[in-house]
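Enquirer: Please see the structure below; I have some questions.
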Protein chains: 2
Amino acid sequence: MDDRMIPLDAETKAVEMPEHHRDELRLWLRLLTCTTLIEGEVRRRLRESFDVTLPRFDLMAQLDKAPDGMTLSDLSRRMMVSNGNLTGLVDRLMASGHLDRRVSSTDRRAQVVSLTEAGRAEFRAMAAEHEGWIAELFADLTPKDQKDLMRLLAKTKGSARRAIVGDAS
Amino acid sequence: MDDRMIPLDAETKAVEMPEHHRDELRLWLRLLTCTTLIEGEVRRRLRESFDVTLPRFDLMAQLDKAPDGMTLSDLSRRMMVSNGNLTGLVDRLMASGHLDRRVSSTDRRAQVVSLTEAGRAEFRAMAAEHEGWIAELFADLTPKDQKDLMRLLAKTKGSARRAIVGDAS
């Protein structure tokens with residue numbers, strides 16, 4: 001980009017920026033709006049129906065997929081949250097009887113956390129309800145719309161990944 | 001939903017949940033992944049290129065669209081952040097000379113903030129760069145892909161809005 005760091009007024013910008021780029025910006029803002037709208041509603045319903053935060057639900061969802069448990073660093077990487085934020089969350093779920101913690105059998109410095117029976121049962125009840133909410137939020141999309149959207153989002157994900165890797169190299 | 005609150009094990013759940021609902025869950029997770037991926041990269045580039053946080057960029061973007069300025073409550077509603085979080089951000093941007101603040105001419109209890117000349121010039125330089133990043137992140141999508149994705153996301157937004165309003169009434 002040759003115009004890096006040069007301030008432009010709105011009209012100049014509208015002329016110099018290819019129409020193409022503004023389309024992509026609109027697309028990104030719409031993607032962001034959809035996600036924010038749905039995530040906010042899921043957060044609200046989790047709180048109202050189960051008095052549960054979204055990070056807590058996400059952590060239990062990760063562990064539900066890992067019957068042998070996960071280390072804190074695996075969880076941290078999967079959930080894209082810091083180890084510090086995770087520790088408090090794990091401590092609270094230990095105290096409430098939802099999680100067990102043990103020393104890893106392969107690395108004695110690592111701790112493995114897993115859902116207790118009660119934790120798993122509670123998560124699955126919430127997950128069933130959550131799945132219904134998502135279906136309701138996407139209800140206007142036909143099966144063909146869903147299929148097309150899946151494909152276009154896969155392409156978007158691939159495109160973004162390539163740009164991110166390219167920028168880092 | 002008749003199965004509300006009944007814990008299900010994974011196999012039971014796979015049988016009892018209509019395939020349809022799991023498709024929508026996958027769609028939601030993919031939408032969330034795309035947004036998280038792109039937002040994370042934008043956040044990283046804003047920090048590295050301009051030493052600016054995403055909330056600060058978003059606040060300046062709102063004000064760039066409002067030449068007469070906006071009240072704090074308008075900003076708070078638009079950005080979906082609390083008035084408290086906004087106040088600190090506004091104070092820092094005042095201190096650095098990016099924002100002006102004055103009493104509203106229509107409501108003497110309300111304060112109106114707007115970009116200074118320098119704030120606007122700096123925002124536009126960042127915005128031009130940001131637009132290029134977004135184009136790069138979406139580069140693999142053809143114009144037809146973009147058009148289709150815009151349409152499907154508009155439908156998703158409408159669908160979610162209807163579900164949210166329906167739930168509140």
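Residues are named by chain letter and number: chains run A, B, ... in the order of the structure tokens, numbers start at 1 in each chain, and ligands are numbered from 1 in the order shown.
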Just list as number ranges by chain whatever in region 34-113 of chain A DSSP marks as alpha helix (DSSP H).
Expert: A: 34-50, 54-64, 72-79, 83-95
Enquirer: Include C-alpha atoms and write out the residues we just selected as an mmCIF file, in the first residue's frame.
Expert:
data_model
loop_
_atom_site.group_PDB
_atom_site.id
_atom_site.type_symbol
_atom_site.label_atom_id
_atom_site.label_comp_id
_atom_site.auth_asym_id
_atom_site.auth_seq_id
_atom_site.Cartn_x
_atom_site.Cartn_y
_atom_site.Cartn_z
ATOM 1 C CA CYS A 34 -24.157 -11.283 13.379
ATOM 2 C CA THR A 35 -21.656 -12.793 15.791
ATOM 3 C CA THR A 36 -22.102 -10.046 18.407
ATOM 4 C CA LEU A 37 -25.893 -10.329 18.193
ATOM 5 C CA ILE A 38 -25.982 -14.114 18.597
ATOM 6 C CA GLU A 39 -23.218 -14.280 21.203
ATOM 7 C CA GLY A 40 -24.931 -11.609 23.308
ATOM 8 C CA GLU A 41 -28.213 -13.516 23.243
ATOM 9 C CA VAL A 42 -26.527 -16.849 24.117
ATOM 10 C CA ARG A 43 -24.737 -15.116 27.021
ATOM 11 C CA ARG A 44 -28.028 -13.636 28.252
ATOM 12 C CA ARG A 45 -29.906 -16.952 28.052
ATOM 13 C CA LEU A 46 -27.103 -18.916 29.780
ATOM 14 C CA ARG A 47 -27.209 -16.395 32.604
ATOM 15 C CA GLU A 48 -31.002 -16.305 32.873
ATOM 16 C CA SER A 49 -31.646 -20.049 32.455
ATOM 17 C CA PHE A 50 -28.638 -21.540 34.248
ATOM 18 C CA LEU A 54 -20.166 -18.033 28.652
ATOM 19 C CA PRO A 55 -16.484 -18.755 29.572
ATOM 20 C CA ARG A 56 -17.700 -21.345 32.108
ATOM 21 C CA PHE A 57 -19.963 -22.981 29.506
ATOM 22 C CA ASP A 58 -17.120 -22.950 26.920
ATOM 23 C CA LEU A 59 -14.679 -24.525 29.377
ATOM 24 C CA MET A 60 -17.141 -27.330 30.204
ATOM 25 C CA ALA A 61 -17.781 -27.826 26.450
ATOM 26 C CA GLN A 62 -14.050 -28.335 25.842
ATOM 27 C CA LEU A 63 -13.816 -30.872 28.677
ATOM 28 C CA ASP A 64 -16.958 -32.707 27.565
ATOM 29 C CA LEU A 72 -4.465 -26.254 31.609
ATOM 30 C CA SER A 73 -2.188 -25.251 28.733
ATOM 31 C CA ASP A 74 -4.251 -27.297 26.225
ATOM 32 C CA LEU A 75 -7.419 -25.663 27.566
ATOM 33 C CA SER A 76 -5.839 -22.226 27.414
ATOM 34 C CA ARG A 77 -4.798 -22.721 23.790
ATOM 35 C CA ARG A 78 -8.166 -24.152 22.728
ATOM 36 C CA MET A 79 -10.193 -21.437 24.404
ATOM 37 C CA ASN A 83 -3.643 -19.293 31.767
ATOM 38 C CA GLY A 84 -4.297 -16.743 34.491
ATOM 39 C CA ASN A 85 -7.953 -16.223 33.586
ATOM 40 C CA LEU A 86 -8.410 -19.967 33.277
ATOM 41 C CA THR A 87 -7.023 -20.756 36.731
ATOM 42 C CA GLY A 88 -9.715 -18.777 38.545
ATOM 43 C CA LEU A 89 -12.430 -20.391 36.441
ATOM 44 C CA VAL A 90 -11.056 -23.904 37.112
ATOM 45 C CA ASP A 91 -10.777 -23.195 40.855
ATOM 46 C CA ARG A 92 -14.426 -22.128 41.031
ATOM 47 C CA LEU A 93 -15.590 -25.200 39.077
ATOM 48 C CA MET A 94 -13.491 -27.437 41.378
ATOM 49 C CA ALA A 95 -15.080 -25.855 44.444
#
Enquirer: Quick one: everything within 10 Å of Glu136 (chain B), counting only C-alpha atoms, minus sequence neighbours fewer than 5 positions away in the same chain. Send it as a list in words.
Expert: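 With the cut-off at 10 Å, the set is His21, Glu24, Ser159, Ala160, Arg162, Ala163 and Ile164 of chain A; His130 and Glu131 of chain B.
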Enquirer: Rounded to one decimal, what separation in Å do you get between CA of Ala125 (chain A) and CA of Arg101 (chain A)?
Expert: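 That distance, rounded to one decimal, is 22.5 Å.
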Enquirer: So that I can check the secondary structure, give me every residue of region 6-103 of chain A assigned strand (DSSP E) by backbone DSSP, as a PyMOL selection string.
Expert: chain A and resi 70-71+99-103
Enquirer: I need the residues from that last selection saved to file as a PDB file, in the first residue's frame (with C-alpha atoms), if you can.
Expert:
ATOM      1  CA  MET A  70      -7.032 -31.796  29.404  1.00  0.00           C
ATOM      2  CA  THR A  71      -4.032 -29.923  30.739  1.00  0.00           C
ATOM      3  CA  LEU A  99     -14.285 -30.552  37.912  1.00  0.00           C
ATOM      4  CA  ASP A 100     -11.582 -32.951  39.106  1.00  0.00           C
ATOM      5  CA  ARG A 101      -7.875 -32.177  38.934  1.00  0.00           C
ATOM      6  CA  ARG A 102      -4.974 -34.662  38.961  1.00  0.00           C
ATOM      7  CA  VAL A 103      -1.281 -34.764  38.088  1.00  0.00           C
TER       8      VAL A 103
END
Enquirer: Using only C-alpha atoms for the distances, tell me which of A:Ala110, A:Leu137, A:Ala154, A:Leu29 is nearest to chain B.
Expert: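 For chain B, the nearest of the candidates is A:Leu137.
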Enquirer: Can you measure CA of Pro67 (chain B) to CA of Gly119 (chain B) for me? One decimal in Å is fine.
Expert: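 Separating CA of Pro67 (chain B) from CA of Gly119 (chain B) is a distance of 12.2 Å.
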Enquirer: CA of Val113 (chain B) to CA of Gly69 (chain B): how many Å, to one decimal?
Expert: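 Interatomic distance here is 5.2 Å.
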Enquirer: List as a list of chain:residue names the protein and nucleic acid residues near Arg22 (chain B), meaning an atom at most 10 Å away when only C-alpha atoms are counted, but skip any in the same chain fewer than 6 places from it.
Expert: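 Those residues are A:Glu131, A:Gly132, A:Ile134, A:Ala135, B:Ala14, B:Trp28.
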Enquirer: Point out the residue among A:Thr142, A:Val81, A:Val165, A:Leu149 with the least atom-to-atom distance to chain B, counting only C-alpha atoms.
Expert: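 The shortest atom-to-atom distance to chain B comes from A:Leu149.
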Enquirer: Return the single residue from A:Thr33, A:Lys144, A:Ser104, A:Val52 that is closest to Arg161 (chain B), with distances computed using only C-alpha atoms.
Expert: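 The shortest atom-to-atom distance to Arg161 (chain B) comes from A:Thr33.
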